[in-house]
Amino acid sequence: MAMASPFSPASAAATSPALFSVSTSRPLSLTTAATAAISARAPSRTSRGFRRGRFAVCNVAAPSAAVQETKPAAGAKESQRPVYPFPAIVGQDEMKLCLLLNVIDPKIGGVMIMGDRGTGKSTTVRSLVDLLPDISVVVGDPFNSDPFDPEVMGPEVRDRLLKGEDLPVTTTKITMVDLPLGATEDRVCGTIDIEKALTEGVKAFEPGLLAKANRGILYVDEVNLLDDHLVDVLLDSAASGWNTVEREGISISHPARFILIGSGNPEEGELRPQLLDRFGMHAQVGTVRDAELRVKIVEERARFDKDPKTFRQSYLEEQGKLQDQITSARSNLGSVQLDHDLRVKISQVCSELNVDGLRGDIVTNRAAKALAALKGRDIVTVEDIATVIPNCLRHRLRKDPLESIDSGLLVVEKFYEVFG
């Protein structure tokens, strides 16, 4: 039984700037004065480092205020590597829908994309960079600290806030960080700044990729080939939303709240169940079989390779419509209602499928609301749930080596059995 997704390139028309609302369960102790300082804040000077105990923890990776101010202009240049436009991607509606829903509601928890070689998995994920909204950050902070939310502030910004300092604020695009398979644990988590240790004689911390990915997207291509020790690091950060580094006398914790997006080929190995469960949604992509579509994909790719700038400009209008639609969906997401009876049926499906934990229930509720918002409605329908529930539960089912049916079809069958 195959389900046709109600989402198609023609029906999608949208994204744009809006603040990623990232939260974490880590408690913070802020004084009343410090909390009051959040609302009464004006641009000021930038602090380059802070002391943690007797060790100087310096934000070596942090750009200066001047660099931050000129960043948008530099990003507009076409000298950087051109990205294939999202609306130009032919087919693969399931994958595109999962990615868009995570842009609308980052709390869904990311996407795991599994499929054949050469089906555009990496290209599609990287094309999201044009659709990512803007966020407010503290100037010069390597952790992308939110100046208005203490729960996702780096240690330096929290210390400055507790001292009553004004925090200079700027707006920047949400970051998409690529995690290469050959990355070392020090590069991912952060390490000692050797240069500063040798020149100034202080133990300084140099933030890693997890710091850069805070409030952004962490993309791991071929995630099923990732070394076990890096998988452990990702599991720890994804579970707590914080990264704790213990290195040569330095102890530091910083927020690492990111959307985890992974892609891979199932022929190259399975993913550990613990990591698989951390992905909110799971998309399966296959090779396009229709000859006309294949020819169109080849021709579009040839146009892009020949003249990327002109090709990207030809899709500016569609890109703008898509940004507007997603901006509207993000702003209306809070008003979308999901009927209690539908919530009960969603949980009944999860229970009868023996899904461990409650992540499946939570993610299905969030994804259904995000899809309703994308379609411009404020009420979730059964059709919305039917569209997203296979992607939310497929990877959470226990594997049966004797079962030949696809896990997504098991979810669909159970859905129609419960929902009638």
# chains A, B, ... in the order shown; residues from 1 in each chain; ligands from 1
>>> residues_around(residues="Ala372 (chain A)", least_positions_apart="3", cutoff="10 Å", atoms="only C-alpha atoms", output="PyMOL selection string")
chain A and resi 101+329+332-333+336-338+367-369+375-381+383-385
>>> write_last_selection(atoms="N, CA, C and O atoms", output="PDB file, in the first residue's frame")
ATOM      1  N   LEU A 101       9.351  20.692   7.243  1.00  0.00           N
ATOM      2  CA  LEU A 101       8.663  20.650   8.541  1.00  0.00           C
ATOM      3  C   LEU A 101       9.632  20.939   9.674  1.00  0.00           C
ATOM      4  O   LEU A 101       9.261  21.569  10.676  1.00  0.00           O
ATOM      5  N   ALA A 329       3.962  30.019   7.928  1.00  0.00           N
ATOM      6  CA  ALA A 329       3.721  28.803   8.705  1.00  0.00           C
ATOM      7  C   ALA A 329       4.361  28.893  10.084  1.00  0.00           C
ATOM      8  O   ALA A 329       3.762  28.483  11.084  1.00  0.00           O
ATOM      9  N   ASN A 332       2.334  31.172  12.337  1.00  0.00           N
ATOM     10  CA  ASN A 332       1.002  30.656  12.692  1.00  0.00           C
ATOM     11  C   ASN A 332       1.059  29.315  13.422  1.00  0.00           C
ATOM     12  O   ASN A 332       0.005  28.791  13.813  1.00  0.00           O
ATOM     13  N   LEU A 333       2.245  28.764  13.596  1.00  0.00           N
ATOM     14  CA  LEU A 333       2.369  27.433  14.182  1.00  0.00           C
ATOM     15  C   LEU A 333       1.753  27.349  15.574  1.00  0.00           C
ATOM     16  O   LEU A 333       1.099  26.359  15.928  1.00  0.00           O
ATOM     17  N   VAL A 336      -2.082  26.586  15.741  1.00  0.00           N
ATOM     18  CA  VAL A 336      -2.632  25.357  15.163  1.00  0.00           C
ATOM     19  C   VAL A 336      -3.133  24.437  16.275  1.00  0.00           C
ATOM     20  O   VAL A 336      -2.434  24.209  17.267  1.00  0.00           O
ATOM     21  N   GLN A 337      -4.335  23.914  16.101  1.00  0.00           N
ATOM     22  CA  GLN A 337      -4.967  23.074  17.119  1.00  0.00           C
ATOM     23  C   GLN A 337      -5.034  21.613  16.644  1.00  0.00           C
ATOM     24  O   GLN A 337      -5.301  21.339  15.477  1.00  0.00           O
ATOM     25  N   LEU A 338      -4.774  20.703  17.578  1.00  0.00           N
ATOM     26  CA  LEU A 338      -4.896  19.267  17.310  1.00  0.00           C
ATOM     27  C   LEU A 338      -5.924  18.693  18.273  1.00  0.00           C
ATOM     28  O   LEU A 338      -5.734  18.754  19.501  1.00  0.00           O
ATOM     29  N   ALA A 367       4.831  17.264  14.067  1.00  0.00           N
ATOM     30  CA  ALA A 367       4.920  17.242  12.607  1.00  0.00           C
ATOM     31  C   ALA A 367       3.557  17.497  11.962  1.00  0.00           C
ATOM     32  O   ALA A 367       3.473  18.192  10.941  1.00  0.00           O
ATOM     33  N   ALA A 368       2.504  16.940  12.542  1.00  0.00           N
ATOM     34  CA  ALA A 368       1.156  17.156  11.999  1.00  0.00           C
ATOM     35  C   ALA A 368       0.764  18.630  12.095  1.00  0.00           C
ATOM     36  O   ALA A 368       0.169  19.195  11.159  1.00  0.00           O
ATOM     37  N   LYS A 369       1.107  19.264  13.205  1.00  0.00           N
ATOM     38  CA  LYS A 369       0.824  20.698  13.349  1.00  0.00           C
ATOM     39  C   LYS A 369       1.622  21.522  12.347  1.00  0.00           C
ATOM     40  O   LYS A 369       1.105  22.484  11.755  1.00  0.00           O
ATOM     41  N   LYS A 375       0.255  24.279   5.177  1.00  0.00           N
ATOM     42  CA  LYS A 375      -0.878  24.342   4.248  1.00  0.00           C
ATOM     43  C   LYS A 375      -1.789  25.535   4.524  1.00  0.00           C
ATOM     44  O   LYS A 375      -2.799  25.712   3.841  1.00  0.00           O
ATOM     45  N   GLY A 376      -1.451  26.336   5.539  1.00  0.00           N
ATOM     46  CA  GLY A 376      -2.223  27.545   5.823  1.00  0.00           C
ATOM     47  C   GLY A 376      -3.472  27.317   6.636  1.00  0.00           C
ATOM     48  O   GLY A 376      -4.382  28.146   6.631  1.00  0.00           O
ATOM     49  N   ARG A 377      -3.526  26.185   7.357  1.00  0.00           N
ATOM     50  CA  ARG A 377      -4.696  25.888   8.192  1.00  0.00           C
ATOM     51  C   ARG A 377      -4.338  25.971   9.663  1.00  0.00           C
ATOM     52  O   ARG A 377      -3.176  25.851  10.029  1.00  0.00           O
ATOM     53  N   ASP A 378      -5.360  26.143  10.519  1.00  0.00           N
ATOM     54  CA  ASP A 378      -5.119  26.180  11.961  1.00  0.00           C
ATOM     55  C   ASP A 378      -5.719  24.976  12.672  1.00  0.00           C
ATOM     56  O   ASP A 378      -5.781  24.930  13.896  1.00  0.00           O
ATOM     57  N   ILE A 379      -6.185  23.996  11.897  1.00  0.00           N
ATOM     58  CA  ILE A 379      -6.734  22.759  12.454  1.00  0.00           C
ATOM     59  C   ILE A 379      -6.052  21.573  11.776  1.00  0.00           C
ATOM     60  O   ILE A 379      -5.950  21.519  10.546  1.00  0.00           O
ATOM     61  N   VAL A 380      -5.569  20.628  12.582  1.00  0.00           N
ATOM     62  CA  VAL A 380      -4.933  19.430  12.039  1.00  0.00           C
ATOM     63  C   VAL A 380      -6.005  18.441  11.609  1.00  0.00           C
ATOM     64  O   VAL A 380      -6.960  18.170  12.356  1.00  0.00           O
ATOM     65  N   THR A 381      -5.855  17.888  10.406  1.00  0.00           N
ATOM     66  CA  THR A 381      -6.805  16.905   9.897  1.00  0.00           C
ATOM     67  C   THR A 381      -6.195  15.503   9.944  1.00  0.00           C
ATOM     68  O   THR A 381      -4.988  15.339  10.138  1.00  0.00           O
ATOM     69  N   GLU A 383      -5.821  13.648   7.440  1.00  0.00           N
ATOM     70  CA  GLU A 383      -4.921  13.568   6.281  1.00  0.00           C
ATOM     71  C   GLU A 383      -3.511  14.038   6.641  1.00  0.00           C
ATOM     72  O   GLU A 383      -2.515  13.459   6.194  1.00  0.00           O
ATOM     73  N   ASP A 384      -3.424  15.100   7.461  1.00  0.00           N
ATOM     74  CA  ASP A 384      -2.110  15.581   7.903  1.00  0.00           C
ATOM     75  C   ASP A 384      -1.377  14.493   8.681  1.00  0.00           C
ATOM     76  O   ASP A 384      -0.180  14.252   8.468  1.00  0.00           O
ATOM     77  N   ILE A 385      -2.094  13.844   9.589  1.00  0.00           N
ATOM     78  CA  ILE A 385      -1.477  12.799  10.408  1.00  0.00           C
ATOM     79  C   ILE A 385      -1.054  11.625   9.536  1.00  0.00           C
ATOM     80  O   ILE A 385       0.041  11.071   9.694  1.00  0.00           O
TER      81      ILE A 385
END
>>> closest_atom_pairs(of="region 80-185 of chain A", to="region 189-203 of chain A", cutoff="12 Å", atoms="only C-alpha atoms", output="tab-separated table")
residue	atom	partner	partner_atom	distance
A:Pro142	CA	A:Gly190	CA	11.3
A:Phe143	CA	A:Gly190	CA	11.5
A:Leu179	CA	A:Cys189	CA	11.5
A:Ala183	CA	A:Cys189	CA	10.3
A:Thr184	CA	A:Cys189	CA	8.7
A:Glu185	CA	A:Cys189	CA	6.0
>>> residues_around(residues="Arg215 (chain A)", least_positions_apart="2", cutoff="7 Å", atoms="only C-alpha atoms", output="PyMOL selection string")
chain A and resi 22+144+213+257-258
>>> write_last_selection(atoms="C-alpha atoms", output="compact mmCIF listing (two decimals), in the first residue's frame")
# COMPACT_ATOMS: atom_id res chain seq x y z
CA VAL A 22 15.44 26.46 20.73
CA ASN A 144 25.53 31.69 18.75
CA ALA A 213 26.06 24.25 15.43
CA ARG A 257 21.09 22.61 20.79
CA PHE A 258 20.97 21.69 17.12
>>> closest_residue(among="A:Ser263, A:Gln323, A:Ser351, A:Ser145", to="Val223 (chain A)", atoms="only C-alpha atoms")
A:Ser263
>>> residues_around(residues="Glu300 (chain A)", least_positions_apart="3", cutoff="9 Å", atoms="only C-alpha atoms", output="number ranges by chain")
A: 88-89, 295-297, 303-305, 311
>>> select_by_dssp(residues="region 227-403 of chain A", states="strand (DSSP E)", output="ChimeraX atom specification")
/A:242-247,250-255,259-264,281-285
>>> closest_residue(among="A:Gly109, A:Gly420, A:Pro273, A:Gly408", to="Val388 (chain A)", atoms="only C-alpha atoms")
A:Gly408
>>> closest_residue(among="A:Glu151, A:Asp166, A:Glu206, A:Asp116", to="Pro266 (chain A)", atoms="only C-alpha atoms")
A:Asp116
>>> closest_residue(among="A:Val139, A:Ser347, A:Ala283, A:Arg312", to="Asn391 (chain A)", atoms="only C-alpha atoms")
A:Ala283
>>> select_by_dssp(residues="region 226-372 of chain A", states="helix (DSSP H, G or I)", output="PyMOL selection string")
chain A and resi 228-240+266-268+273-276+291-306+308-313+316-335+340-352+359-372
>>> closest_residue(among="A:Lys414, A:Arg396, A:Arg160, A:Lys309", to="Phe279 (chain A)", atoms="only C-alpha atoms")
A:Arg396
>>> residues_around(residues="Gly154 (chain A)", least_positions_apart="4", cutoff="12 Å", atoms="only C-alpha atoms", output="PyMOL selection string")
chain A and resi 28+49-50+57-59+62+137-138+140-147+149-150+158-161+207+211-212+214-215+242-244+252-257
>>> closest_residue(among="A:Leu209, A:Leu235, A:Leu260, A:Val90", to="Val103 (chain A)", atoms="only C-alpha atoms")
A:Leu260
